[in-house]
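Shown next: data_34.txt, containing compact mmCIF, C-alpha atoms.
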```
# COMPACT_ATOMS: atom_id res chain seq x y z
CA MET U 281 44.72 26.02 11.38
CA PRO U 282 44.84 24.60 14.91
CA PRO U 283 43.39 21.05 15.30
CA SER U 284 40.52 22.20 17.57
CA ARG U 285 39.43 24.84 15.04
CA PHE U 286 39.67 22.30 12.21
CA ARG U 287 37.45 19.85 14.12
CA ARG U 288 34.90 22.56 14.82
CA THR U 289 34.83 23.56 11.13
CA VAL U 290 34.34 19.93 10.07
CA ALA U 291 31.60 19.48 12.67
CA GLU U 292 29.83 22.64 11.47
CA ALA U 293 30.08 21.48 7.84
CA ALA U 294 28.66 18.07 8.77
CA ALA U 295 25.78 19.71 10.65
CA LEU U 296 25.06 21.94 7.65
CA VAL U 297 24.95 18.91 5.34
CA LEU U 298 22.55 17.11 7.70
CA VAL U 299 20.27 20.15 7.94
CA ALA U 300 20.24 20.50 4.14
CA ALA U 301 19.54 16.78 3.62
CA ALA U 302 16.61 16.59 6.07
CA PRO U 303 13.97 18.08 3.71
CA ALA U 304 15.12 15.78 0.90
CA LEU U 305 14.79 12.74 3.15
CA VAL U 306 11.28 13.80 4.20
CA ALA U 307 10.28 14.31 0.55
CA TRP U 308 11.78 10.95 -0.40
CA GLN U 309 9.68 9.23 2.26
CA ARG U 310 6.49 10.85 0.93
CA VAL U 311 7.15 10.14 -2.78
CA PRO U 312 9.94 7.64 -3.41
CA PRO U 313 12.30 8.61 -6.25
CA GLY U 314 10.99 7.61 -9.64
CA ARG U 315 7.38 7.04 -8.67
CA TYR U 316 6.07 10.02 -10.61
CA LEU U 317 9.19 11.69 -11.92
CA ALA U 318 10.74 8.71 -13.65
CA ARG U 319 11.24 8.55 -17.37
CA PRO U 320 9.14 5.45 -17.99
CA ALA U 321 10.41 3.10 -20.64
CA VAL U 322 8.04 2.42 -23.51
CA ALA U 323 8.11 -0.11 -26.30
CA GLY U 324 11.48 -0.35 -27.96
CA GLY U 325 13.34 0.97 -24.93
CA VAL U 326 12.58 4.62 -25.70
CA SER U 327 12.14 6.84 -22.66
CA ALA U 328 9.42 9.41 -22.33
CA PRO U 329 10.67 12.98 -22.86
CA THR U 330 10.93 15.11 -19.73
CA SER U 331 11.12 18.81 -19.06
CA PRO U 332 14.78 19.82 -18.56
CA GLU U 333 13.83 22.26 -15.77
CA SER U 334 11.69 19.96 -13.64
CA GLY U 335 12.32 16.38 -14.74
CA VAL U 336 8.53 15.95 -15.05
CA PRO U 337 7.28 14.24 -18.21
CA ASP U 338 6.81 16.77 -20.99
CA ALA U 339 3.34 18.33 -21.19
CA THR U 340 2.67 16.84 -24.62
CA ALA U 341 4.19 13.44 -23.88
CA ALA U 342 0.92 11.59 -23.23
CA GLU U 343 -0.45 12.80 -26.56
CA ASP U 344 2.68 11.88 -28.51
CA GLU U 345 2.74 8.74 -30.68
CA ASP U 346 6.14 7.83 -29.25
CA PHE U 347 4.80 8.12 -25.71
CA PRO U 348 1.55 6.14 -25.45
CA ALA U 349 -0.90 6.77 -22.61
CA SER U 350 0.15 3.42 -21.11
CA ALA U 351 3.52 4.98 -20.30
CA ASP U 352 1.93 7.96 -18.58
CA PRO U 353 3.19 8.60 -15.01
CA VAL U 354 -0.32 8.05 -13.63
CA GLU U 355 -0.59 4.39 -12.70
CA ALA U 356 -3.24 2.30 -14.48
CA ARG U 357 -5.07 1.57 -11.20
CA GLU U 358 -5.55 5.32 -10.75
CA ILE U 359 -7.47 5.66 -14.02
CA ILE U 360 -10.98 4.46 -13.31
CA THR U 361 -14.37 4.43 -15.02
CA LEU U 362 -17.38 6.37 -13.86
CA ALA U 363 -19.05 3.11 -12.78
CA GLN U 364 -16.00 2.21 -10.65
CA SER U 365 -16.00 5.66 -9.07
CA ARG U 366 -19.68 5.42 -8.21
CA ALA U 367 -19.20 1.93 -6.77
CA MET U 368 -16.49 3.26 -4.44
CA GLY U 369 -18.97 5.72 -2.98
CA GLY U 370 -17.84 8.37 -0.58
CA ASP U 371 -17.43 12.07 -1.01
CA VAL U 372 -15.77 13.02 -4.31
CA LEU U 373 -14.24 16.33 -5.33
CA TRP U 374 -14.52 16.54 -9.11
CA VAL U 375 -11.68 18.50 -10.72
CA ASP U 376 -12.20 19.78 -14.27
CA ALA U 377 -8.81 19.99 -16.01
CA ARG U 378 -10.28 21.38 -19.25
CA SER U 379 -9.89 24.95 -20.43
CA ALA U 380 -11.90 27.78 -18.88
CA ALA U 381 -14.06 28.02 -22.01
CA GLU U 382 -14.93 24.31 -21.87
CA PHE U 383 -15.65 24.56 -18.14
CA GLU U 384 -18.01 27.49 -18.78
CA ARG U 385 -19.97 25.49 -21.40
CA GLY U 386 -20.79 22.85 -18.79
CA THR U 387 -19.21 20.55 -16.26
CA ILE U 388 -19.96 17.94 -13.61
CA PRO U 389 -22.08 19.47 -10.83
CA GLY U 390 -19.85 20.74 -8.03
CA ALA U 391 -16.65 20.40 -10.08
CA VAL U 392 -13.87 22.90 -9.49
CA PRO U 393 -11.71 24.09 -12.37
CA LEU U 394 -7.98 23.34 -12.13
CA ASN U 395 -5.93 23.26 -15.30
CA GLU U 396 -2.28 23.71 -16.12
CA ASP U 397 -2.74 27.01 -17.95
CA ALA U 398 -4.17 28.76 -14.88
CA TRP U 399 -2.75 26.52 -12.13
CA ASP U 400 -1.58 29.33 -9.83
CA THR U 401 -4.86 31.23 -10.21
CA LEU U 402 -7.17 28.21 -9.79
CA LEU U 403 -5.29 26.34 -7.04
CA PRO U 404 -6.72 28.46 -4.18
CA GLY U 405 -10.28 27.57 -5.29
CA PHE U 406 -9.34 23.90 -5.34
CA ILE U 407 -7.80 24.12 -1.87
CA ALA U 408 -10.94 25.81 -0.53
CA ALA U 409 -13.10 22.93 -1.84
CA TRP U 410 -10.72 20.09 -0.84
CA GLN U 411 -11.07 18.15 2.39
CA PRO U 412 -8.81 15.25 3.45
CA THR U 413 -11.77 12.86 3.53
CA ARG U 414 -12.68 13.51 -0.11
CA ARG U 415 -11.46 11.49 -3.05
CA ILE U 416 -10.21 13.64 -5.90
CA MET U 417 -11.42 12.68 -9.38
CA VAL U 418 -9.75 14.63 -12.19
CA PHE U 419 -11.25 14.71 -15.68
CA CYS U 420 -10.85 16.45 -19.01
CA SER U 421 -12.01 15.51 -22.50
CA ALA U 422 -11.65 11.90 -23.55
CA SER U 423 -8.96 12.80 -26.07
CA CYS U 424 -6.79 14.97 -23.80
CA ALA U 425 -4.11 14.14 -21.25
CA SER U 426 -4.53 17.23 -19.06
CA SER U 427 -6.30 15.24 -16.36
CA ARG U 428 -3.30 12.96 -16.01
CA ARG U 429 -0.89 15.86 -15.76
CA VAL U 430 -3.08 17.68 -13.21
CA ALA U 431 -3.35 14.45 -11.20
CA VAL U 432 0.44 14.14 -11.16
CA LYS U 433 0.80 17.75 -10.02
CA LEU U 434 -1.71 17.16 -7.22
CA ARG U 435 0.21 14.06 -6.17
CA MET U 436 3.40 16.11 -6.17
CA GLN U 437 1.65 18.49 -3.73
CA GLY U 438 1.30 15.54 -1.34
CA LEU U 439 -2.31 14.53 -2.05
CA GLU U 440 -2.81 10.78 -2.18
CA ARG U 441 -6.44 10.04 -3.05
CA VAL U 442 -6.21 11.30 -6.65
CA GLN U 443 -7.75 9.42 -9.58
CA VAL U 444 -8.43 10.14 -13.24
CA LEU U 445 -11.81 9.57 -14.90
CA LYS U 446 -11.41 7.25 -17.87
CA GLY U 447 -13.29 8.67 -20.84
CA GLY U 448 -13.42 12.13 -19.27
CA TRP U 449 -16.26 14.58 -19.73
CA GLU U 450 -17.71 12.53 -22.57
CA ALA U 451 -18.06 9.49 -20.28
CA TRP U 452 -20.05 11.64 -17.86
CA GLN U 453 -22.31 12.93 -20.64
CA LYS U 454 -22.93 9.41 -22.01
CA SER U 455 -24.00 8.24 -18.55
CA SER U 456 -26.99 10.62 -18.70
CA ALA U 457 -25.79 12.21 -15.50
CA PRO U 458 -26.79 15.86 -15.02
CA ALA U 459 -24.40 18.60 -16.10
CA ALA U 460 -23.97 21.92 -14.40
CA ALA U 461 -24.24 24.83 -16.80
CA LYS U 462 -21.97 27.71 -15.85
```

Show the structure stored in the file as structure tokens.
Amino acid sequence: MPPSRFRRTVAEAAALVLVAAAPALVAWQRVPPGRYLARPAVAGGVSAPTSPESGVPDATAAEDEDFPASADPVEAREIITLAQSRAMGGDVLWVDARSAAEFERGTIPGAVPLNEDAWDTLLPGFIAAWQPTRRIMVFCSASCASSRRVAVKLRMQGLERVQVLKGGWEAWQKSSAPAAAK
């Protein structure tokens, strides 16, 4: 191969590598590696299990005895009480991460359903209700971890103002706040 052709081939290969790396660099700037996809260490040095396909913490991890909620990929400051949410004020988009049947039995007024089981079907409804100025407050039942997983998925979509309601639907009911019957 003549030297000029070799140089051109190397230059084309370098350009191809740069073009391929650009989206990864942009994604890295938005969500630094390990922020939500890390395998957080828990007591005893055990790492949280992750899905082999995606590297995201396993769907049952937050409910597992070996993976306590404190090791969940949602940061502690993002899990707030109803009183804290009300004190923050502002426009809130409530996201119900419970099953469709639970949502139908009653939910927070104005809440949109968005759960893992029907993510692709429910996401367009969420997008229609979402506005950049709104805080997103995800909830499920007090004993489930779906709200945390939905919050992580929303963060992975590039949304930043995502929080989880501590105590979930039961916290709302105990506050004597109105419920919307579906």

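In this model, the gap between CA of Arg378 (chain U) and CA of Gln453 (chain U) comes to 14.8 Å.
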
TODO: Quick one: pull the distance between CA of Ala451 (chain U) and CA of Val375 (chain U), Å, one decimal.
DONE: 14.6 Å

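Interatomic distance, CA of Gly438 (chain U) to CA of Pro393 (chain U): 19.1 Å.
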
- [ ] Identify which of the residues U:Arg441, U:Lys446, U:Arg428, U:Arg288 lies closest to Gln364 (chain U), counting all atoms listed in the file when measuring atom-to-atom distances.
- [x] U:Lys446

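Proximity ranking of U:Asp371, U:Asn395, U:Leu362, U:Ala431 relative to Ala409 (chain U) places U:Asp371 first, based on all atoms listed in the file.
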
- [ ] Excluding Thr387 (chain U) and any residue of its chain fewer than 3 positions from it, enumerate the residues within 12 Å of it, using all atoms listed in the file, and give them as a PyMOL selection string.
- [x] chain U and resi 374-384+390-393+418-421+448-453+457-462

TODO: Would you mind listing what lies within 7 Å of Arg414 (chain U) as number ranges by chain, with all atoms listed in the file counted and same-chain residues fewer than 4 positions away left out?
DONE: U: 371-373, 410
